[in-house]
Structure formats: C-alpha cells, structure tokens
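Have a look at the structure below, then the notes.
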Amino acid sequence: MNALLNTHTTPSDSGVYAARRARLAAALGPNAVAIIPTAPERPRNRDADFPYRFDSYFFYLCGFAEPNACLVIDASGHTSLLCQPKDLEREIWDGYRLGPEDAPSALGVDVAVDSNTIDDFVPQCLENKAVVWWPFATHAAMSQRVDGWLDKVRAKARAGVRCPDTQRDLCALLDDMRVVKDTHELATMRRAAAISAGGHIRAMQRSAKGLLAGADVREYHLEAELLHAFRDAGAQFPAYTSIVAAGANACVLHYRAGNAPVKSGDLVLIDAGCELDGYASDITRTFPANGRFSGPQRDVYALVLASQDAAVAATRAGARFNDPHEATLGVLAQGLLDLGILNKDKVGTANDVIANKSYSPFYMHRTSHWLGMDVHDCGAYSEPVAPGEATQSRILKAGMVLTIEPGLYIRPQPDVPAAFHHIGIRIEDDAVVTDGGCELITRDVPVAIDAIEALMAA
Ligand code: CA
C-alpha cells in the first residue's frame, strides 16, 4: 500500500471490517440496503478546515479515513464504496487519494466507484428494495438527500421498478454492535490507554519538577506535556479537549486548559486522553502540584478513591450499568458525613443522604459512560422494555467498555469546613467488562496516594 495513504488501516485488518459488515448485513432483514456516509469536512475559518475526523460508524465498517466517501451495504453483505477519484491536481494540494480502482483490493469491498456519481449510483442500489437504513441520529441532514434518491427510484415505477417504502434508523443496529468491543477494538483501546497514561505521567512530573525549580508553571505547560506524549506515540488527536484545572478551577466540570498558574499547595485535575486509530481513551488524575498531598486533600482523595474501588468491584458481566454508580454513592455519602462536609444533624444518615440527594452539591455527575470510537460512545444505557414499562439499567456484558469516574467538587459554602474549600478531585479509569469483573486498562498511571507521591518525587 502506498506509504502516503491517509488511513489507519492495513490490508491485514480488512477481514475484521468484512466480518462487521457481514454481521450488519444479517441484521438488516431481507430486501434491505444500508447507506453509511462518512463525516463531512468542516471549515474552521477562511480557507482552513478543522482537522478531519471520519464518521465513527463508517470507519467501524471499513477502516477508511478519507473524506467524501460513503458505503452501501445490502442484505447479502455486498458492499459498495463511493470514494474520491484519483486527481493529481487535488492530490498535490490535499494529499494522496486511494481512488476507486485500488479500493477493492486495499479495503476488501466488492465494488468502488467515484463519489461524484453518488446521485446516480445510490438510486440504482435502492431499486427493488423494500427498506433503506441510514443513520438518522448522526446524519439528520441526509434526510432530503435520501428523499431525492427515492424520488429517482419512484420515477421508474411505470417501468416496474419497486421503490423502498420504509426508512429505518441504522444507528440502533450499529450502536448495539459497537457497544460490545471485539478483540481488534480492545487491542487498539489498550494501546490508546497506555499512551494517555504516559501523558499523565509526563504532566505530573513536569508540575513537580517545575515548582521545585521555582519555575512559572501554567496549566498550558501541563497540557503541552499531554499533547507531546499523545503525538509522540502516534496518536492522531486528543479524544476530546483536555481539561487541565489548577486549584479552584477543578470545581468547574468542563474547564479547559487555560493559563492559570499551577501553585505549590494546590491540586491539579487533569482529564485527558488520546484518540488512536479511531478509538478514545479517557483518564482523569488529580495530584498535588508540588508532589505532596496536604491533610485535607489526602482525606478527600482517599474518599474518592475508596468510592472508585467500590465502583470497580461492582463492575462485571451480569451487573447493571447503574451498579458502579450506586456503589460510588454509598461510599461518598458515608464519607461526606465522616469528614464533616455534610452535617449529620442536618442531613441524617448515609441512606438519607442518598435518598435526598444531599451529596449533589459535591457530586453532580454520573459515575460512568460508554467509551469507544466516541469518547461518550454510542449504546443504550437501559434494557429495551415494552411501552409503558419502567426502564431498567443495562445489563453489562463482557467486552463492553465504560469509564469509572467518581469525584467530589467542594465549592465554599457555609456549612463546609474551610479546609476543604476549592478542593476538586476526580479519578477516572477505563474498564473493560469481563465475566468475573473488569480490567482497568488505564492503570499505567498510578492512582494510589503513595504511588503518585513517589512518581512525582522521582
Ligand atoms: Ca473524562
């Protein structure tokens, strides 16, 4: 394959994608066809685009990273790829294109055609089909386009051509496939997790070393360490905008890395992970800027870590998605009382704290989300139920991947001892569900108090 090819896929992977397409095809039902476009390029400002990122569903089914491409898969599994034609002029400016001639051998698709012919090619694929599937949720703007293609088929009715009478949402089918990761995906996610862990270690060490040397350390310096580690290891992007929050900024949940000084005596919360070959990692660590936890910081950190331990212990195949969250709440509720952050004369027992959500000024987010190609990955969080029935949290299966990320964010408030004010702590690891429990794939970066202090002293 050409060395300049802008793809993360090698021919040896093509069997993986073919198997996924076959599974999807089998789920489409008879006489159906699925259309899966990749993502559009998006302008950032004049003459400059945002870095291109393919559509996750599309990439999941073919591993092809070029823009202006679309898959058409029928119920037999026959797959057509629409892709950019070879064009020397465009390739000089924008980069190498695989082109329709080489695509079948490189990607294992049955047919490849010039994507400029899409408005003729797709209607042909729809002729005499009953159902057309396409991703409603991620490509809502496609609706008019699909209607136009169907109009073209309908216009041939008098020639005896049948037009599909049903449009269905492909997201539901693909979400259910993607929520359980295969071995190919898990291998990539483990690599992404290891790279991200390396980035967190660099940032921790930069903080301690810089402060010890009397340097001006800013949040963006620590972000630079993360970005260096991600790119140096070959990850294409951060999976989301990195959060690097020094001191009180940690209590702003979606704070970005800014230019605030990282001060000795403060905590730093970093929530950052790379995207490698289409797969996200998502790690949060909170550490003392100078490498040593203070007493109150240590107390809150130990509580958050204990709540994470409880969540990890509750994560296994057969448990429900909500179980880790409930385990977290049980530990946090008791700990908030024990530390005097909540006053038991006012809020009662740990059970009362949970029932009345008295923890919510300090813990306002959920403990987990799915993780995969998208950092908040696709997949339902509840089991399907009949209309009118109460929803039930999803039953975990081996191969599902979720974050486990409890936290406490203590803004100054009248009843809370001042020693805890402005402490914001989150600890987040990525867990692969297994039959007996879960595998934490992000523990190359330490999480225990002693281990963090030792790493930062090194
Ligand atoms: Ca995160």
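Every chain in the structure tokens takes a letter, A first, then B, and so on in the order presented; its residues are numbered from 1, and the ligands are numbered from 1 following the presented order.
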For stretch 136-200 of chain A versus stretch 209-231 of chain A, which residues have an atom no more than 12 Å away, and what is each residue's nearest atom pair and distance in Å rounded to one decimal, using only C-alpha atoms, chain-then-number order, as CSV?
residue,atom,partner,partner_atom,distance
A:Arg191,CA,A:Phe230,CA,11.0
A:Ala192,CA,A:Phe230,CA,8.7
A:Ala193,CA,A:Phe230,CA,10.3
A:Ala194,CA,A:Phe230,CA,9.9
A:Ile195,CA,A:Phe230,CA,6.1
A:Ser196,CA,A:Phe230,CA,6.5
A:Ala197,CA,A:Ala229,CA,9.1
A:Gly198,CA,A:Ala229,CA,6.5
A:Gly199,CA,A:Leu226,CA,4.4
A:His200,CA,A:Leu226,CA,6.4
Write out as a list of chain:residue names which residues come within 12 Å of A:Leu173 when counting only C-alpha atoms, dropping same-chain ones fewer than 2 positions away.
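Using only C-alpha atoms, the neighbours found are A:Arg20, A:Arg21, A:Arg23, A:Leu24, A:Ala25, A:Ala26, A:Ala27, A:Leu28, A:Gly29, A:Ala34, A:Tyr57, A:Trp133, A:Trp134, A:Pro135, A:Phe136, A:Arg168, A:Asp169, A:Leu170, A:Cys171, A:Asp175, A:Asp176, A:Met177, A:Arg178, A:Val179, A:Cys378, A:Gly379, A:Ala380.
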Residues within 10 Å of ligand 1 should be enumerated using only C-alpha atoms and all ligand atoms and returned as a PyMOL selection string.
chain A and resi 239-243+253-254+270-273+281-285+368-369+371+375-376+403-405+426-430
Kindly export the residues of the current selection with C-alpha atoms, as a PDB file, in the first residue's frame.
ATOM      1  CA  ALA A 239     -10.022  12.329  22.038  1.00  0.00           C
ATOM      2  CA  TYR A 240     -11.620  15.495  23.477  1.00  0.00           C
ATOM      3  CA  THR A 241     -10.454  18.890  24.672  1.00  0.00           C
ATOM      4  CA  SER A 242      -8.081  18.296  27.572  1.00  0.00           C
ATOM      5  CA  ILE A 243      -9.102  19.574  30.987  1.00  0.00           C
ATOM      6  CA  LEU A 253     -16.503  20.447  35.488  1.00  0.00           C
ATOM      7  CA  HIS A 254     -15.803  21.361  31.861  1.00  0.00           C
ATOM      8  CA  ILE A 270      -6.257  16.595  34.502  1.00  0.00           C
ATOM      9  CA  ASP A 271      -8.921  14.874  32.400  1.00  0.00           C
ATOM     10  CA  ALA A 272      -7.340  13.974  29.079  1.00  0.00           C
ATOM     11  CA  GLY A 273      -6.939  11.084  26.692  1.00  0.00           C
ATOM     12  CA  SER A 281      -9.161   6.847  25.914  1.00  0.00           C
ATOM     13  CA  ASP A 282     -10.345   8.922  28.844  1.00  0.00           C
ATOM     14  CA  ILE A 283      -8.306   9.321  32.036  1.00  0.00           C
ATOM     15  CA  THR A 284      -8.607  11.707  34.961  1.00  0.00           C
ATOM     16  CA  ARG A 285      -5.990  12.067  37.644  1.00  0.00           C
ATOM     17  CA  SER A 368     -19.745   6.129  34.028  1.00  0.00           C
ATOM     18  CA  HIS A 369     -20.280   6.464  30.314  1.00  0.00           C
ATOM     19  CA  LEU A 371     -16.197   4.525  25.814  1.00  0.00           C
ATOM     20  CA  VAL A 375     -15.455   9.352  23.975  1.00  0.00           C
ATOM     21  CA  HIS A 376     -19.092   9.279  25.039  1.00  0.00           C
ATOM     22  CA  THR A 403     -15.362   4.808  32.389  1.00  0.00           C
ATOM     23  CA  ILE A 404     -15.433   4.698  36.193  1.00  0.00           C
ATOM     24  CA  GLU A 405     -15.006   8.277  37.348  1.00  0.00           C
ATOM     25  CA  ARG A 426     -11.945  13.187  40.097  1.00  0.00           C
ATOM     26  CA  ILE A 427     -10.348   9.805  39.474  1.00  0.00           C
ATOM     27  CA  GLU A 428     -11.223   8.183  36.161  1.00  0.00           C
ATOM     28  CA  ASP A 429     -10.192   4.867  34.681  1.00  0.00           C
ATOM     29  CA  ASP A 430     -11.360   2.937  31.633  1.00  0.00           C
TER      30      ASP A 430
END
Closest of A:Tyr409, A:Trp370, A:Phe50, A:Phe237 to A:Glu275, counting only C-alpha atoms, is A:Phe237
Find the spatial neighbours of A:Ala311, counting only C-alpha atoms, within a cut-off of 8 Å - ignore same-chain residues fewer than 6 positions away - and output them as a list of chain:residue names.
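Here the answer would be A:Asp323, A:Pro324, A:His325, A:Glu326, A:Ala327, A:Thr328, A:Ile404.
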What would the file look like if the residues just selected were written as a PDB file, in the first residue's frame with N, CA and C atoms?
ATOM      1  N   ASP A 323     -24.955  -0.089  38.587  1.00  0.00           N
ATOM      2  CA  ASP A 323     -24.399  -0.632  39.832  1.00  0.00           C
ATOM      3  C   ASP A 323     -23.134   0.097  40.294  1.00  0.00           C
ATOM      4  N   PRO A 324     -22.173   0.374  39.390  1.00  0.00           N
ATOM      5  CA  PRO A 324     -20.995   1.114  39.856  1.00  0.00           C
ATOM      6  C   PRO A 324     -21.358   2.496  40.410  1.00  0.00           C
ATOM      7  N   HIS A 325     -22.337   3.143  39.798  1.00  0.00           N
ATOM      8  CA  HIS A 325     -22.755   4.469  40.278  1.00  0.00           C
ATOM      9  C   HIS A 325     -23.338   4.346  41.686  1.00  0.00           C
ATOM     10  N   GLU A 326     -24.156   3.347  41.891  1.00  0.00           N
ATOM     11  CA  GLU A 326     -24.768   3.199  43.215  1.00  0.00           C
ATOM     12  C   GLU A 326     -23.718   2.838  44.269  1.00  0.00           C
ATOM     13  N   ALA A 327     -22.746   2.028  43.874  1.00  0.00           N
ATOM     14  CA  ALA A 327     -21.664   1.692  44.801  1.00  0.00           C
ATOM     15  C   ALA A 327     -20.879   2.946  45.183  1.00  0.00           C
ATOM     16  N   THR A 328     -20.623   3.788  44.191  1.00  0.00           N
ATOM     17  CA  THR A 328     -19.927   5.056  44.433  1.00  0.00           C
ATOM     18  C   THR A 328     -20.693   5.915  45.437  1.00  0.00           C
ATOM     19  N   ILE A 404     -15.016   4.688  34.779  1.00  0.00           N
ATOM     20  CA  ILE A 404     -15.433   4.698  36.193  1.00  0.00           C
ATOM     21  C   ILE A 404     -14.767   5.922  36.798  1.00  0.00           C
TER      22      ILE A 404
END
Pick out each residue of stretch 222-337 of chain A that DSSP on the backbone tags as strand (DSSP E); I need them as a ChimeraX atom specification.
/A:237-238,243-246,267-272,274-276,279-280,283-288
For those residues, write C-alpha atoms to a file as a compact mmCIF listing (two decimals), in the first residue's frame.
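Ended up saving to result00.txt:
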# COMPACT_ATOMS: atom_id res chain seq x y z
CA PHE A 237 -5.66 13.61 18.20
CA PRO A 238 -6.72 14.22 21.77
CA ILE A 243 -9.10 19.57 30.99
CA VAL A 244 -6.13 20.86 32.99
CA ALA A 245 -7.51 22.60 36.05
CA ALA A 246 -5.28 24.03 38.78
CA LEU A 267 -4.24 20.23 43.48
CA VAL A 268 -4.28 19.83 39.70
CA LEU A 269 -7.06 17.90 37.98
CA ILE A 270 -6.26 16.59 34.50
CA ASP A 271 -8.92 14.87 32.40
CA ALA A 272 -7.34 13.97 29.08
CA CYS A 274 -5.74 10.48 23.16
CA GLU A 275 -7.55 9.07 20.16
CA LEU A 276 -5.60 6.31 18.46
CA TYR A 279 -10.51 4.87 19.47
CA ALA A 280 -10.70 7.14 22.51
CA ILE A 283 -8.31 9.32 32.04
CA THR A 284 -8.61 11.71 34.96
CA ARG A 285 -5.99 12.07 37.64
CA THR A 286 -5.85 14.62 40.43
CA PHE A 287 -2.48 15.24 42.02
CA PRO A 288 -0.77 17.75 44.30
Hey, could you make a per-residue contact list for stretch 262-339 of chain A against stretch 394-401 of chain A with 7 Å as the cut-off, showing the nearest pair of atoms and its distance in Å to one decimal, counting only C-alpha atoms, sorted by chain and number, as CSV?
residue,atom,partner,partner_atom,distance
A:Arg316,CA,A:Leu396,CA,6.7
A:Ala317,CA,A:Lys397,CA,4.5
A:Gly318,CA,A:Leu396,CA,5.4
A:Ala319,CA,A:Leu396,CA,5.6
A:Arg320,CA,A:Ile395,CA,4.3
A:Phe321,CA,A:Arg394,CA,5.3
Enumerate as a PyMOL selection string all residues of stretch 254-446 of chain A assigned to helix (DSSP H, G or I) by DSSP on the backbone, naming them with the chain letters and numbers the document uses.
chain A and resi 295-313+323-338+344-347+350-355+418-420
To one decimal place, how far is atom CA of A:Pro417 from atom CA of A:Ala306 in Å?
21.2 Å
Name the residues in contact with stretch 100-111 of chain A at a cut-off of 9 Å, using only C-alpha atoms, excluding same-chain residues fewer than 4 positions from it; report them as a PDB file with C-alpha atoms, in the first residue's frame.
ATOM      1  CA  MET A   1       0.000   0.000   0.000  1.00  0.00           C
ATOM      2  CA  THR A   9      -5.904   0.600   8.329  1.00  0.00           C
ATOM      3  CA  THR A  10      -3.666  -2.062   6.938  1.00  0.00           C
ATOM      4  CA  PRO A  11      -4.823  -4.748   4.497  1.00  0.00           C
ATOM      5  CA  ASP A  13      -7.362  -5.526   9.072  1.00  0.00           C
ATOM      6  CA  SER A  14      -9.750  -5.830   6.148  1.00  0.00           C
ATOM      7  CA  GLY A  15     -11.104  -9.168   7.390  1.00  0.00           C
ATOM      8  CA  TYR A  17     -14.216  -4.935   8.755  1.00  0.00           C
ATOM      9  CA  ALA A  18     -15.672  -7.533   6.393  1.00  0.00           C
ATOM     10  CA  CYS A  62     -14.371  -0.261   6.507  1.00  0.00           C
ATOM     11  CA  GLY A  63     -11.403   1.419   8.242  1.00  0.00           C
ATOM     12  CA  PHE A  64     -11.189   4.062   5.507  1.00  0.00           C
ATOM     13  CA  HIS A  78     -22.393  -6.975  -0.899  1.00  0.00           C
ATOM     14  CA  THR A  79     -20.557  -3.717  -0.238  1.00  0.00           C
ATOM     15  CA  SER A  80     -20.000  -0.733  -2.483  1.00  0.00           C
ATOM     16  CA  LEU A  81     -17.694   2.136  -1.542  1.00  0.00           C
ATOM     17  CA  LEU A  82     -18.069   5.593  -3.026  1.00  0.00           C
ATOM     18  CA  CYS A  83     -14.727   7.395  -2.725  1.00  0.00           C
ATOM     19  CA  GLN A  84     -12.820  10.341  -4.135  1.00  0.00           C
ATOM     20  CA  PRO A  85     -11.424   9.718  -7.615  1.00  0.00           C
ATOM     21  CA  LYS A  86      -7.715   9.932  -8.265  1.00  0.00           C
ATOM     22  CA  SER A 115     -18.130   9.527  -5.125  1.00  0.00           C
TER      23      SER A 115
END
Given the choices A:Asp119, A:Pro37, A:Val113, A:Thr183, which gets closest to A:Thr138 if the distance is worked out from only C-alpha atoms?
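The answer is A:Pro37, which sits nearest to A:Thr138.
Picture a line from atom CA of A:Pro384 to atom CA of A:Arg366; it runs 20.8 Å.
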With only C-alpha atoms as the basis for distance, which of A:Ile341, A:Cys251, A:Ile36, A:Val16 is at the shortest distance from A:Gln413?
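Using only C-alpha atoms, A:Gln413 sits closest to A:Ile341.
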Long-range neighbours of stretch 356-359 of chain A as a list in words, 8 Å cut-off, only C-alpha atoms, 6 positions minimum in chain
Leu332, Ala333, Leu336 and Val347 of chain A
For the residues selected in the previous step, produce a file with N, CA and C atoms as a compact mmCIF listing (two decimals), in the first residue's frame.
# COMPACT_ATOMS: atom_id res chain seq x y z
N LEU A 332 -19.42 7.57 48.97
CA LEU A 332 -19.31 9.03 49.08
C LEU A 332 -20.23 9.58 50.15
N ALA A 333 -21.45 9.05 50.23
CA ALA A 333 -22.42 9.57 51.21
C ALA A 333 -21.89 9.40 52.63
N LEU A 336 -18.73 11.72 53.17
CA LEU A 336 -19.05 13.15 53.34
C LEU A 336 -19.52 13.42 54.77
N VAL A 347 -28.58 16.41 57.74
CA VAL A 347 -28.95 15.57 56.58
C VAL A 347 -29.22 14.12 56.96
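Between atom CA of A:Pro446 and atom CA of A:Met204 lies a distance of 10.5 Å.
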For a quick check of understanding, using only C-alpha atoms, which of A:Ile92, A:Val262, A:Ile449, A:Leu408 has the smallest distance to A:Gly295?
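Checking each candidate against A:Gly295, we get A:Ile449 as the closest.
Of the residues under consideration (A:Ala157, A:Gly330, A:Gly424, A:Leu305), A:Gly424 shows the shortest atom-to-atom contact distance to A:Arg411 when counting only C-alpha atoms.
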